[in-house]
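query_38.txt follows (compact mmCIF, C-alpha atoms):
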```txt
# COMPACT_ATOMS: atom_id res chain seq x y z
CA MET A 1 -44.77 -8.36 -18.23
CA LYS A 2 -42.81 -6.77 -21.07
CA LYS A 3 -40.26 -9.56 -20.87
CA TYR A 4 -42.90 -12.24 -21.41
CA ILE A 5 -44.39 -10.42 -24.39
CA VAL A 6 -40.94 -10.13 -25.95
CA LEU A 7 -40.22 -13.79 -25.27
CA GLY A 8 -43.57 -14.80 -26.76
CA LEU A 9 -42.98 -12.73 -29.89
CA LEU A 10 -39.48 -14.18 -30.26
CA ALA A 11 -40.89 -17.67 -29.90
CA VAL A 12 -43.47 -17.06 -32.63
CA LEU A 13 -40.81 -15.55 -34.89
CA GLY A 14 -38.45 -18.43 -34.18
CA TYR A 15 -41.16 -20.96 -34.96
CA TYR A 16 -41.81 -19.48 -38.39
CA LEU A 17 -38.10 -19.02 -39.16
CA MET A 18 -37.52 -22.66 -38.23
CA ASN A 19 -40.33 -23.74 -40.54
CA VAL A 20 -38.87 -21.72 -43.40
CA PHE A 21 -35.43 -23.23 -42.92
CA LEU A 22 -36.85 -26.72 -42.66
CA LEU A 23 -38.52 -26.23 -46.04
CA ILE A 24 -35.18 -25.54 -47.74
CA ASP A 25 -33.15 -28.68 -48.40
CA PHE A 26 -29.69 -27.31 -47.71
CA GLY A 27 -26.94 -29.51 -49.05
CA MET A 28 -29.17 -31.45 -51.43
CA PRO A 29 -27.78 -31.78 -54.95
CA HIS A 30 -30.83 -30.30 -56.65
CA PHE A 31 -30.84 -27.24 -54.41
CA ALA A 32 -28.54 -24.89 -56.35
CA GLN A 33 -28.74 -26.47 -59.75
CA GLY A 34 -31.53 -24.40 -61.24
CA VAL A 35 -30.06 -21.02 -60.30
CA LYS A 36 -26.53 -21.93 -61.29
CA ASP A 37 -27.47 -23.02 -64.79
CA VAL A 38 -29.62 -19.98 -65.40
CA TYR A 39 -26.87 -17.62 -64.25
CA LEU A 40 -24.13 -19.30 -66.26
CA SER A 41 -26.05 -19.64 -69.50
CA SER A 42 -27.79 -16.28 -69.51
CA SER A 43 -24.72 -14.26 -68.54
CA GLU A 44 -22.94 -15.71 -71.54
CA ASN A 45 -25.77 -15.93 -74.07
CA VAL A 46 -28.27 -13.23 -73.16
CA LEU A 47 -26.07 -10.53 -71.62
CA GLN A 48 -22.79 -11.33 -73.42
CA VAL A 49 -20.77 -10.79 -70.26
CA SER A 50 -17.64 -12.86 -69.78
CA ASN A 51 -17.28 -12.18 -66.05
CA VAL A 52 -20.17 -14.11 -64.51
CA VAL A 53 -19.61 -12.61 -61.06
CA THR A 54 -20.17 -9.13 -62.47
CA ALA A 55 -23.28 -10.27 -64.31
CA ILE A 56 -24.71 -11.61 -61.06
CA VAL A 57 -23.66 -8.65 -58.92
CA VAL A 58 -24.80 -5.90 -61.28
CA ASN A 59 -27.60 -7.41 -63.29
CA PHE A 60 -29.28 -10.42 -61.70
CA ARG A 61 -28.83 -9.05 -58.21
CA GLY A 62 -28.37 -5.38 -59.03
CA PHE A 63 -30.81 -4.28 -56.39
CA ASP A 64 -28.55 -5.84 -53.80
CA THR A 65 -25.60 -3.82 -55.16
CA LEU A 66 -27.64 -0.64 -54.89
CA GLY A 67 -28.18 -1.55 -51.25
CA GLU A 68 -24.47 -2.10 -50.72
CA VAL A 69 -23.63 1.29 -52.21
CA THR A 70 -26.23 2.83 -49.93
CA VAL A 71 -24.70 1.13 -46.89
CA LEU A 72 -21.31 2.56 -47.81
CA PHE A 73 -22.87 5.99 -48.30
CA LEU A 74 -24.58 5.81 -44.91
CA SER A 75 -21.41 4.78 -43.11
CA ALA A 76 -19.49 7.61 -44.80
CA THR A 77 -22.18 10.06 -43.75
CA ALA A 78 -22.17 8.77 -40.18
CA MET A 79 -18.39 9.06 -40.01
CA SER A 80 -18.36 12.63 -41.19
CA GLY A 81 -21.16 13.32 -38.74
CA ILE A 82 -19.08 12.02 -35.85
CA LEU A 83 -15.80 13.56 -36.95
CA TYR A 84 -17.24 16.87 -38.13
CA LYS A 85 -15.27 19.93 -37.18
CA LYS A 86 -16.01 23.55 -37.74
CA ARG A 87 -14.65 24.96 -40.94
CA HIS A 88 -11.85 27.03 -39.45
CA ASP A 89 -10.48 23.98 -37.66
CA ILE A 90 -9.80 22.22 -40.92
CA GLY A 91 -6.28 22.56 -42.24
CA ASP A 92 -3.96 21.55 -39.42
CA ARG A 93 -3.31 17.88 -39.74
CA SER A 94 -1.42 16.14 -37.00
CA ILE A 95 1.79 14.89 -38.58
CA LEU A 96 5.09 13.88 -37.06
CA PHE A 97 7.40 15.16 -39.78
CA PRO A 98 6.98 16.27 -43.40
CA ALA A 99 7.59 13.81 -46.22
CA SER A 100 10.99 13.83 -47.88
CA SER A 101 11.56 15.30 -51.32
CA ILE A 102 12.00 11.81 -52.79
CA ILE A 103 8.50 10.89 -51.68
CA ARG A 104 7.13 14.20 -52.94
CA ALA A 105 8.57 13.71 -56.40
CA GLY A 106 7.72 10.03 -56.50
CA SER A 107 4.11 10.33 -55.46
CA LYS A 108 3.54 12.86 -58.24
CA MET A 109 4.60 10.11 -60.61
CA LEU A 110 2.63 7.42 -58.81
CA PHE A 111 -0.66 9.28 -58.53
CA PRO A 112 -1.62 9.24 -62.25
CA THR A 113 -0.58 5.61 -62.53
CA ILE A 114 -2.72 4.59 -59.58
CA THR A 115 -5.70 6.54 -60.91
CA LEU A 116 -5.25 4.99 -64.34
CA LEU A 117 -5.19 1.51 -62.79
CA GLY A 118 -8.36 2.24 -60.86
CA VAL A 119 -10.15 3.50 -63.97
CA TYR A 120 -8.96 0.45 -65.90
CA VAL A 121 -10.26 -1.88 -63.20
CA PHE A 122 -13.76 -0.43 -63.13
CA VAL A 123 -14.08 0.11 -66.88
CA HIS A 124 -13.14 -3.53 -67.50
CA GLY A 125 -15.31 -4.82 -64.67
CA HIS A 126 -17.44 -6.92 -66.97
CA LEU A 127 -14.46 -8.47 -68.77
CA SER A 128 -11.90 -9.26 -66.08
CA PRO A 129 -11.77 -9.67 -62.31
CA GLY A 130 -12.46 -6.43 -60.51
CA GLY A 131 -15.20 -3.87 -60.81
CA GLY A 132 -16.62 -0.70 -59.40
CA PHE A 133 -15.85 -1.30 -55.73
CA GLN A 134 -12.27 -2.38 -56.36
CA GLY A 135 -11.54 0.38 -58.87
CA GLY A 136 -12.99 3.04 -56.60
CA THR A 137 -10.87 1.81 -53.71
CA ILE A 138 -7.72 1.94 -55.84
CA ILE A 139 -8.46 5.55 -56.82
CA ALA A 140 -9.02 6.42 -53.16
CA THR A 141 -5.58 4.98 -52.27
CA GLY A 142 -4.04 7.35 -54.81
CA PHE A 143 -5.68 10.28 -53.04
CA LEU A 144 -4.54 8.88 -49.69
CA LEU A 145 -0.97 8.91 -50.98
CA MET A 146 -1.26 12.55 -52.04
CA LEU A 147 -2.89 13.55 -48.74
CA LEU A 148 -0.16 11.84 -46.74
CA THR A 149 2.63 13.31 -48.83
CA TYR A 150 1.54 16.92 -49.24
CA GLN A 151 0.43 18.64 -46.09
CA ASN A 152 -1.48 21.28 -48.00
CA TYR A 153 -3.14 18.94 -50.47
CA SER A 154 -6.87 19.36 -50.18
CA VAL A 155 -9.90 17.82 -51.78
CA SER A 156 -12.96 19.92 -52.48
CA HIS A 157 -15.70 18.45 -50.37
CA ASN A 158 -18.42 19.98 -52.52
CA ARG A 159 -17.02 18.34 -55.62
CA LEU A 160 -16.96 14.95 -53.89
CA VAL A 161 -20.58 15.37 -52.85
CA TRP A 162 -21.56 16.28 -56.44
CA VAL A 163 -19.72 13.32 -57.98
CA GLU A 164 -21.23 10.95 -55.45
CA SER A 165 -24.77 12.27 -55.78
CA ILE A 166 -24.76 12.29 -59.57
CA ALA A 167 -23.38 8.75 -59.70
CA GLY A 168 -25.98 7.51 -57.23
CA ILE A 169 -28.86 9.25 -59.01
CA LEU A 170 -27.77 7.89 -62.40
CA PHE A 171 -27.62 4.38 -60.94
CA VAL A 172 -31.23 4.67 -59.80
CA VAL A 173 -32.25 6.30 -63.12
CA ILE A 174 -30.79 3.40 -65.09
CA GLY A 175 -32.60 0.99 -62.78
CA LEU A 176 -35.89 2.84 -63.27
CA ALA A 177 -35.36 2.93 -67.04
CA GLY A 178 -35.22 -0.86 -66.92
CA TYR A 179 -38.36 -0.89 -64.82
CA PHE A 180 -40.38 1.27 -67.21
CA MET A 181 -39.04 -0.13 -70.51
CA LYS A 182 -38.59 -3.83 -69.73
CA GLY A 183 -40.70 -4.42 -66.65
CA SER A 184 -38.21 -5.04 -63.86
CA PHE A 185 -35.75 -2.92 -61.91
CA LEU A 186 -32.24 -2.77 -63.42
CA GLU A 187 -33.27 -4.82 -66.45
CA ASN A 188 -30.91 -4.35 -69.38
CA VAL A 189 -32.13 -1.61 -71.74
CA LEU A 190 -29.09 -1.14 -74.00
CA PRO A 191 -27.84 -3.35 -76.86
CA VAL A 192 -25.69 -6.12 -75.42
CA GLY A 193 -22.93 -6.25 -78.06
CA GLN A 194 -20.39 -9.01 -78.49
CA LEU A 195 -18.91 -11.30 -75.83
CA ASN A 196 -15.44 -10.10 -74.68
CA ASP A 197 -15.79 -6.65 -76.27
CA LEU A 198 -15.38 -3.51 -74.18
CA PHE A 199 -18.88 -2.45 -75.21
CA SER A 200 -20.72 -5.55 -74.13
CA GLY A 201 -23.18 -6.42 -71.44
CA GLY A 202 -25.49 -3.44 -71.93
CA VAL A 203 -25.91 -1.39 -68.78
CA ILE A 204 -23.43 -3.42 -66.70
CA GLY A 205 -20.38 -1.46 -67.80
CA ILE A 206 -22.08 1.88 -67.23
CA ILE A 207 -23.32 0.88 -63.79
CA TYR A 208 -19.86 -0.28 -62.78
CA VAL A 209 -18.35 3.03 -63.89
CA LEU A 210 -20.95 4.83 -61.76
CA VAL A 211 -20.29 2.54 -58.79
CA GLY A 212 -16.57 3.20 -59.21
CA PHE A 213 -17.03 6.97 -59.07
CA LYS A 214 -19.38 6.69 -56.11
CA VAL A 215 -17.14 4.40 -54.07
CA ALA A 216 -14.07 6.51 -54.85
CA ALA A 217 -15.82 9.71 -53.75
CA GLU A 218 -17.11 8.12 -50.55
CA LEU A 219 -13.76 6.64 -49.57
CA ILE A 220 -11.88 9.86 -50.33
CA GLY A 221 -14.38 11.68 -48.12
CA ILE A 222 -13.81 9.19 -45.29
CA ILE A 223 -10.02 9.44 -45.59
CA TYR A 224 -10.16 13.21 -45.69
CA THR A 225 -12.32 13.51 -42.57
CA MET A 226 -10.18 10.99 -40.71
CA LEU A 227 -6.94 12.80 -41.54
CA HIS A 228 -8.36 16.10 -40.37
CA GLU A 229 -9.61 14.74 -37.08
CA LYS A 230 -7.85 16.32 -34.16
CA GLY A 231 -6.39 13.68 -31.90
CA MET B 232 13.65 -24.67 -77.69
CA SER B 233 14.16 -21.31 -79.33
CA ILE B 234 16.65 -18.70 -78.22
CA MET B 235 13.86 -16.56 -76.76
CA GLU B 236 12.70 -19.39 -74.53
CA ILE B 237 16.23 -19.99 -73.28
CA ILE B 238 16.72 -16.31 -72.43
CA GLY B 239 13.32 -16.17 -70.76
CA SER B 240 13.94 -19.27 -68.67
CA ILE B 241 17.34 -18.01 -67.54
CA LEU B 242 15.82 -14.69 -66.50
CA VAL B 243 13.05 -16.44 -64.57
CA ILE B 244 15.59 -18.63 -62.78
CA ILE B 245 17.75 -15.62 -61.86
CA GLY B 246 14.66 -13.84 -60.60
CA SER B 247 13.59 -16.80 -58.50
CA ILE B 248 17.04 -17.05 -56.95
CA PHE B 249 16.94 -13.37 -56.01
CA LEU B 250 13.42 -13.70 -54.58
CA PHE B 251 14.57 -16.68 -52.53
CA LEU B 252 17.59 -14.76 -51.25
CA GLY B 253 15.31 -11.88 -50.33
CA ALA B 254 13.09 -14.18 -48.30
CA LEU B 255 16.13 -15.74 -46.66
CA GLY B 256 17.45 -12.27 -45.84
CA ILE B 257 14.22 -11.28 -44.11
CA TYR B 258 14.59 -14.38 -41.96
CA ARG B 259 18.31 -14.07 -41.31
CA MET B 260 19.20 -10.37 -41.04
CA PRO B 261 19.74 -8.82 -37.60
CA ASP B 262 17.67 -5.60 -37.66
CA LEU B 263 14.89 -3.75 -39.43
CA TYR B 264 17.02 -1.91 -41.98
CA ASN B 265 18.89 -4.96 -43.16
CA ARG B 266 15.63 -6.85 -43.43
CA LEU B 267 14.08 -3.97 -45.34
CA GLN B 268 16.98 -4.00 -47.73
CA ALA B 269 16.70 -7.75 -48.26
CA GLY B 270 12.95 -7.51 -48.62
CA THR B 271 12.96 -4.68 -51.16
CA LYS B 272 16.24 -4.58 -53.09
CA ALA B 273 16.40 -8.28 -53.72
CA THR B 274 12.72 -8.58 -54.51
CA THR B 275 12.84 -5.57 -56.85
CA LEU B 276 15.47 -7.23 -59.00
CA GLY B 277 13.83 -10.63 -58.56
CA ALA B 278 10.37 -9.49 -59.59
CA MET B 279 11.79 -7.45 -62.48
CA SER B 280 13.72 -10.33 -63.99
CA VAL B 281 10.87 -12.80 -63.47
CA ILE B 282 8.51 -10.42 -65.27
CA LEU B 283 11.00 -9.78 -68.07
CA GLY B 284 11.56 -13.52 -68.38
CA VAL B 285 7.84 -14.07 -68.76
CA GLY B 286 7.94 -11.34 -71.41
CA PHE B 287 10.52 -13.31 -73.37
CA LEU B 288 8.49 -16.50 -73.02
CA GLU B 289 5.26 -14.79 -74.15
CA PRO B 290 6.31 -12.05 -76.63
CA ASP B 291 2.71 -10.79 -77.02
CA TRP B 292 2.70 -9.48 -73.45
CA PHE B 293 6.12 -7.83 -73.64
CA LEU B 294 4.95 -4.21 -73.73
CA LYS B 295 2.54 -4.59 -70.81
CA LEU B 296 5.20 -6.39 -68.78
CA LEU B 297 7.72 -3.67 -69.58
CA ILE B 298 5.32 -1.11 -68.10
CA LEU B 299 5.01 -3.32 -65.03
CA VAL B 300 8.80 -3.45 -64.69
CA VAL B 301 9.03 0.34 -64.87
CA PHE B 302 6.28 0.62 -62.27
CA ILE B 303 8.04 -1.78 -59.89
CA GLY B 304 11.32 0.02 -60.59
CA TYR B 305 10.04 3.29 -59.17
CA SER B 306 7.41 2.27 -56.67
CA ASN B 307 9.39 -0.32 -54.72
CA PRO B 308 12.38 1.93 -53.81
CA LEU B 309 9.96 4.72 -52.94
CA SER B 310 8.04 2.62 -50.44
CA SER B 311 11.18 1.20 -48.86
CA HIS B 312 12.67 4.69 -48.58
CA ALA B 313 9.51 5.95 -46.90
CA MET B 314 9.47 3.06 -44.44
CA ALA B 315 13.15 3.35 -43.55
CA ARG B 316 12.93 7.11 -43.09
CA ALA B 317 9.83 6.82 -40.96
CA MET B 318 11.46 4.24 -38.73
CA TYR B 319 14.58 6.40 -38.32
CA LYS B 320 12.46 9.39 -37.40
CA ARG B 321 10.62 7.27 -34.84
CA ARG B 322 14.07 6.56 -33.33
CA VAL B 323 14.41 2.92 -34.31
CA PHE B 324 18.15 2.76 -34.92
CA PRO B 325 20.15 0.21 -36.87
CA TRP B 326 22.12 -2.49 -35.21
CA THR B 327 25.84 -1.66 -34.93
CA LYS B 328 28.83 -3.34 -33.39
CA GLU B 329 30.59 -1.76 -30.42
CA GLY B 330 32.03 1.56 -31.57
CA GLY B 331 30.16 1.58 -34.85
CA VAL B 332 29.56 4.89 -36.58
CA ASP B 333 26.03 6.15 -37.19
CA ALA B 334 26.11 9.84 -38.13
CA TYR B 335 22.41 10.18 -38.89
CA ARG B 336 21.57 8.85 -35.44
CA GLU B 337 23.52 11.68 -33.86
CA VAL B 338 21.65 14.22 -35.99
CA ILE B 339 18.29 12.81 -34.99
CA GLU B 340 19.22 12.63 -31.32
CA LYS B 341 20.28 16.29 -31.44
CA GLU B 342 16.97 17.17 -33.07
CA THR B 343 14.95 15.43 -30.39
CA GLU B 344 17.04 17.05 -27.65
CA LYS B 345 16.27 20.46 -29.17
CA LYS B 346 12.57 19.63 -29.24
CA GLU B 347 12.54 18.45 -25.64
CA SER B 348 14.48 21.45 -24.29
```
Would you mind writing the file's structure down as structure tokens?
Amino acid sequence: MKKYIVLGLLAVLGYYLMNVFLLIDFGMPHFAQGVKDVYLSSSENVLQVSNVVTAIVVNFRGFDTLGEVTVLFLSATAMSGILYKKRHDIGDRSILFPASSIIRAGSKMLFPTITLLGVYVFVHGHLSPGGGFQGGTIIATGFLLMLLTYQNYSVSHNRLVWVESIAGILFVVIGLAGYFMKGSFLENVLPVGQLNDLFSGGVIGIIYVLVGFKVAAELIGIIYTMLHEKG
Amino acid sequence: MSIMEIIGSILVIIGSIFLFLGALGIYRMPDLYNRLQAGTKATTLGAMSVILGVGFLEPDWFLKLLILVVFIGYSNPLSSHAMARAMYKRRVFPWTKEGGVDAYREVIEKETEKKES
């Protein structure tokens, strides 16, 4: 009996989905024209952002980005839930042999450079290719290098949680500020500035900095839990 | 053509030749270590001189490109060193002719014998 109910519900759902898709003229020339022109002209004229992809990701579809950050947060939480070990187990990482002194000295030089590159990528997210996700990932690779090189290198888990939470809360606060001051979630509330300046695009730059911190903290947490998992 | 452009073009050509030789070496060399050497030493010099050549062609970018060259100069040898050392420690030994000498191999084999016994 259950089977037939499920099949009936699926059939109804499928019927409506099919109707929806039949209404959209995929592949017709007029299909994407309206959206494309609005995005291109308003990212350049209204928001003063030179990187259109960033304008779409953070401003026009900023809610979607908030969802993506949440998905990343949930997966990080689930991973630490699965790999969680009691506190006194943490500290002995399974390694084959310690890193050589060349690597030790070199990664000390590389780590600031990598972090600087990551910060550059997410601060300039609205001007050049890149953005919060990419910059955060680059910073996390720097921490991965340090964790692989130094056996005793440790990251304070509390600090990661604080960075991540504050970044996430500020993202939502900026979104709500747009909602209360301009009428829609993540609407721009700051002065937009000049095209191609560092301080342009209103809230986009700030949101990308927050996303960068959040992604970096999440990925460092994932790497840290994975390295401390006992095989 | 100014003197800067000539210098830049020559540097780019030298760099491309080295990059090509590096690629050829990866294809042609007999074992991992020789390939690693071809793939990192040759490409370090190749990438450096291509970047410097671009710096001569576009003098506005010279400082940024110089930083890039320094970065390649210390990150590329580091990574190749790490890879080669890791492979040696995992007992992947270089290719030698009959009766070839490989002192480090003996050290590592002694180490593993100690661990096993």
Q | Long-range neighbours of B:Ile282 as number ranges by chain, 12 Å cut-off, all atoms listed in the file, 5 positions minimum in chain | A | B: 239-247, 274-277, 287-290, 292-304
**Q.** 9 Å contacts from chain A to chain B using only C-alpha atoms, as number ranges by chain
**A.** A: 96-97, 99-100, 102-103, 106-107, 109-110, 113
**Q.** Straight-line distance linking atom CA of A:Ser43 with atom CA of A:Ala55, stated in Å to one decimal
**A.**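 Calculated distance between atom CA of A:Ser43 and atom CA of A:Ala55 is 6.0 Å.
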(Q) To one decimal place in Å, what is the distance between atom CA of A:Tyr153 and atom CA of A:Thr77? (A) 22.1 Å
Q) Smallest atom-to-atom distance to A:Leu83: which of A:Asn59, A:Thr137, A:Thr225, A:Thr115, using all atoms listed in the file? A) A:Thr225
Q: Name the closest residue to B:Ala315 among the candidates B:Pro261, B:Gly256, B:Gly286, B:Gly270; distances are taken between atoms, counting all atoms listed in the file.
A: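 Using all atoms listed in the file, the shortest distance to B:Ala315 belongs to B:Gly270.
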So that I can see what lies close to A:Leu148, please list as a short mmCIF file (atom, residue, chain, number, x, y, z; two decimals) with C-alpha atoms, in the coordinates of the input the residues with an atom at most 9 Å from it, counting all atoms listed in the file and leaving out residues fewer than 3 positions away in the same chain.
```
data_model
loop_
_atom_site.label_atom_id
_atom_site.label_comp_id
_atom_site.auth_asym_id
_atom_site.auth_seq_id
_atom_site.Cartn_x
_atom_site.Cartn_y
_atom_site.Cartn_z
CA ILE A 95 1.79 14.89 -38.58
CA ALA A 99 7.59 13.81 -46.22
CA PHE A 143 -5.68 10.28 -53.04
CA LEU A 144 -4.54 8.88 -49.69
CA LEU A 145 -0.97 8.91 -50.98
CA GLN A 151 0.43 18.64 -46.09
CA TYR A 153 -3.14 18.94 -50.47
CA LEU A 227 -6.94 12.80 -41.54
#
```
**Q.** Between atom CA of A:Leu160 and atom CA of A:Gly178 - distance in Å to one decimal
**A.**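 Rounded to one decimal, the two atoms are 27.4 Å apart.
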Q. Which residues, written as a list in words, have at least one atom at most 8 Å from A:Leu72, with all atoms listed in the file counted and residues fewer than 3 positions away on the same chain left out?
A. Glu68, Val69, Ser75, Ala76, Val215 and Glu218 of chain A
Q: Identify which of the residues B:Leu263, B:Ile248, B:Ile238, B:Trp326 lies closest to B:Val285, counting all atoms listed in the file when measuring atom-to-atom distances.
A: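 Of all the options, B:Ile238 lies closest to B:Val285.
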Q. Between B:Val323, B:Ala269, B:Leu283, B:Ala278, which has the minimum distance to B:Ser311 (counting only C-alpha atoms)?
A. B:Ala269
When you look at A:Gly212 with a cut-off of 6 Å (counting only C-alpha atoms), what residues show up, excluding the ones that are within fewer than 6 positions of it in the same chain? I need them as a PDB file with C-alpha atoms, in the coordinates of the input.
```pdb
ATOM      1  CA  GLY A 132     -16.620  -0.700 -59.400  1.00  0.00           C
ATOM      2  CA  PHE A 133     -15.850  -1.300 -55.730  1.00  0.00           C
ATOM      3  CA  GLY A 135     -11.540   0.380 -58.870  1.00  0.00           C
ATOM      4  CA  GLY A 136     -12.990   3.040 -56.600  1.00  0.00           C
TER       5      GLY A 136
END
```
List the residues sitting within 9 Å of (18.9, 6.6, -38.9) in the file's frame, using only C-alpha atoms, as a PDB file with C-alpha atoms, in the frame of the given file.
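The result, stored in out_19.pdb:
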```
ATOM      1  CA  ALA B 315      13.150   3.350 -43.550  1.00  0.00           C
ATOM      2  CA  ARG B 316      12.930   7.110 -43.090  1.00  0.00           C
ATOM      3  CA  MET B 318      11.460   4.240 -38.730  1.00  0.00           C
ATOM      4  CA  TYR B 319      14.580   6.400 -38.320  1.00  0.00           C
ATOM      5  CA  LYS B 320      12.460   9.390 -37.400  1.00  0.00           C
ATOM      6  CA  ARG B 322      14.070   6.560 -33.330  1.00  0.00           C
ATOM      7  CA  VAL B 323      14.410   2.920 -34.310  1.00  0.00           C
ATOM      8  CA  PHE B 324      18.150   2.760 -34.920  1.00  0.00           C
ATOM      9  CA  PRO B 325      20.150   0.210 -36.870  1.00  0.00           C
ATOM     10  CA  ASP B 333      26.030   6.150 -37.190  1.00  0.00           C
ATOM     11  CA  ALA B 334      26.110   9.840 -38.130  1.00  0.00           C
ATOM     12  CA  TYR B 335      22.410  10.180 -38.890  1.00  0.00           C
ATOM     13  CA  ARG B 336      21.570   8.850 -35.440  1.00  0.00           C
ATOM     14  CA  GLU B 337      23.520  11.680 -33.860  1.00  0.00           C
ATOM     15  CA  VAL B 338      21.650  14.220 -35.990  1.00  0.00           C
ATOM     16  CA  ILE B 339      18.290  12.810 -34.990  1.00  0.00           C
TER      17      ILE B 339
END
```
Q.
Is it possible to get the residues within 10 Å of (-15.0, -4.0, -67.4) (coordinates as in the file, counting all atoms listed in the file) written as a list in words?
A.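 Result, sorted by chain then residue number: Val49, Ser50, Asn51, Thr54, Val119, Tyr120, Val121, Phe122, Val123, His124, Gly125, His126, Leu127, Ser128, Pro129, Gly130, Gly131, Gly132, Asn196, Asp197, Leu198, Phe199, Ser200, Gly201, Ile204, Gly205, Ile206, Tyr208 and Val209 of chain A.
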The selected residues should be written to file as a short mmCIF file (atom, residue, chain, number, x, y, z; two decimals), in the frame of the given file (atoms: C-alpha atoms).
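Now in selection-v5.cif:
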```cif
data_model
loop_
_atom_site.label_atom_id
_atom_site.label_comp_id
_atom_site.auth_asym_id
_atom_site.auth_seq_id
_atom_site.Cartn_x
_atom_site.Cartn_y
_atom_site.Cartn_z
CA VAL A 49 -20.77 -10.79 -70.26
CA SER A 50 -17.64 -12.86 -69.78
CA ASN A 51 -17.28 -12.18 -66.05
CA THR A 54 -20.17 -9.13 -62.47
CA VAL A 119 -10.15 3.50 -63.97
CA TYR A 120 -8.96 0.45 -65.90
CA VAL A 121 -10.26 -1.88 -63.20
CA PHE A 122 -13.76 -0.43 -63.13
CA VAL A 123 -14.08 0.11 -66.88
CA HIS A 124 -13.14 -3.53 -67.50
CA GLY A 125 -15.31 -4.82 -64.67
CA HIS A 126 -17.44 -6.92 -66.97
CA LEU A 127 -14.46 -8.47 -68.77
CA SER A 128 -11.90 -9.26 -66.08
CA PRO A 129 -11.77 -9.67 -62.31
CA GLY A 130 -12.46 -6.43 -60.51
CA GLY A 131 -15.20 -3.87 -60.81
CA GLY A 132 -16.62 -0.70 -59.40
CA ASN A 196 -15.44 -10.10 -74.68
CA ASP A 197 -15.79 -6.65 -76.27
CA LEU A 198 -15.38 -3.51 -74.18
CA PHE A 199 -18.88 -2.45 -75.21
CA SER A 200 -20.72 -5.55 -74.13
CA GLY A 201 -23.18 -6.42 -71.44
CA ILE A 204 -23.43 -3.42 -66.70
CA GLY A 205 -20.38 -1.46 -67.80
CA ILE A 206 -22.08 1.88 -67.23
CA TYR A 208 -19.86 -0.28 -62.78
CA VAL A 209 -18.35 3.03 -63.89
#
```
Q: Could you tell me which of B:Asn307, B:Thr343, B:Ser233, B:Thr327 comes closest to B:Met279 if we count only C-alpha atoms?
A: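 Closest to B:Met279, using only C-alpha atoms: B:Asn307.
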Let me know the centre plus edge lengths, in Å and rounded to one decimal, of a box with edges along x, y and z that contains all listed atoms of stretch 183-196 of chain A and is padded by 8 Å on every side, as lines of an AutoDock Vina configuration file.
```
center_x = -28.1
center_y = -6.2
center_z = -70.2
size_x = 41.3
size_y = 26.2
size_z = 32.6
```
Hey, could you patch up stretch 263-274 of chain B with N, CA and C atoms and hand it over as an mmCIF file, in the coordinates of the input?
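New file result-v2.cif:
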```
data_model
loop_
_atom_site.group_PDB
_atom_site.id
_atom_site.type_symbol
_atom_site.label_atom_id
_atom_site.label_comp_id
_atom_site.auth_asym_id
_atom_site.auth_seq_id
_atom_site.Cartn_x
_atom_site.Cartn_y
_atom_site.Cartn_z
ATOM 1 N N LEU B 263 15.934 -4.161 -38.493
ATOM 2 C CA LEU B 263 14.890 -3.750 -39.430
ATOM 3 C C LEU B 263 15.450 -3.286 -40.758
ATOM 4 N N TYR B 264 16.539 -2.517 -40.734
ATOM 5 C CA TYR B 264 17.020 -1.910 -41.980
ATOM 6 C C TYR B 264 17.607 -2.951 -42.908
ATOM 7 N N ASN B 265 18.349 -3.888 -42.315
ATOM 8 C CA ASN B 265 18.890 -4.960 -43.160
ATOM 9 C C ASN B 265 17.783 -5.799 -43.744
ATOM 10 N N ARG B 266 16.758 -6.060 -42.937
ATOM 11 C CA ARG B 266 15.630 -6.850 -43.430
ATOM 12 C C ARG B 266 14.898 -6.104 -44.527
ATOM 13 N N LEU B 267 14.760 -4.787 -44.330
ATOM 14 C CA LEU B 267 14.080 -3.970 -45.340
ATOM 15 C C LEU B 267 14.849 -4.013 -46.646
ATOM 16 N N GLN B 268 16.173 -3.954 -46.524
ATOM 17 C CA GLN B 268 16.980 -4.000 -47.730
ATOM 18 C C GLN B 268 16.824 -5.345 -48.437
ATOM 19 N N ALA B 269 16.870 -6.429 -47.640
ATOM 20 C CA ALA B 269 16.700 -7.750 -48.260
ATOM 21 C C ALA B 269 15.316 -7.867 -48.877
ATOM 22 N N GLY B 270 14.325 -7.328 -48.164
ATOM 23 C CA GLY B 270 12.950 -7.510 -48.620
ATOM 24 C C GLY B 270 12.588 -6.617 -49.789
ATOM 25 N N THR B 271 13.342 -5.532 -50.034
ATOM 26 C CA THR B 271 12.960 -4.680 -51.160
ATOM 27 C C THR B 271 13.972 -4.709 -52.296
ATOM 28 N N LYS B 272 15.254 -4.597 -51.991
ATOM 29 C CA LYS B 272 16.240 -4.580 -53.090
ATOM 30 C C LYS B 272 16.219 -5.896 -53.834
ATOM 31 N N ALA B 273 16.324 -6.981 -53.068
ATOM 32 C CA ALA B 273 16.400 -8.280 -53.720
ATOM 33 C C ALA B 273 15.107 -8.594 -54.453
ATOM 34 N N THR B 274 13.979 -8.234 -53.842
ATOM 35 C CA THR B 274 12.720 -8.580 -54.510
ATOM 36 C C THR B 274 12.449 -7.654 -55.691
#
```
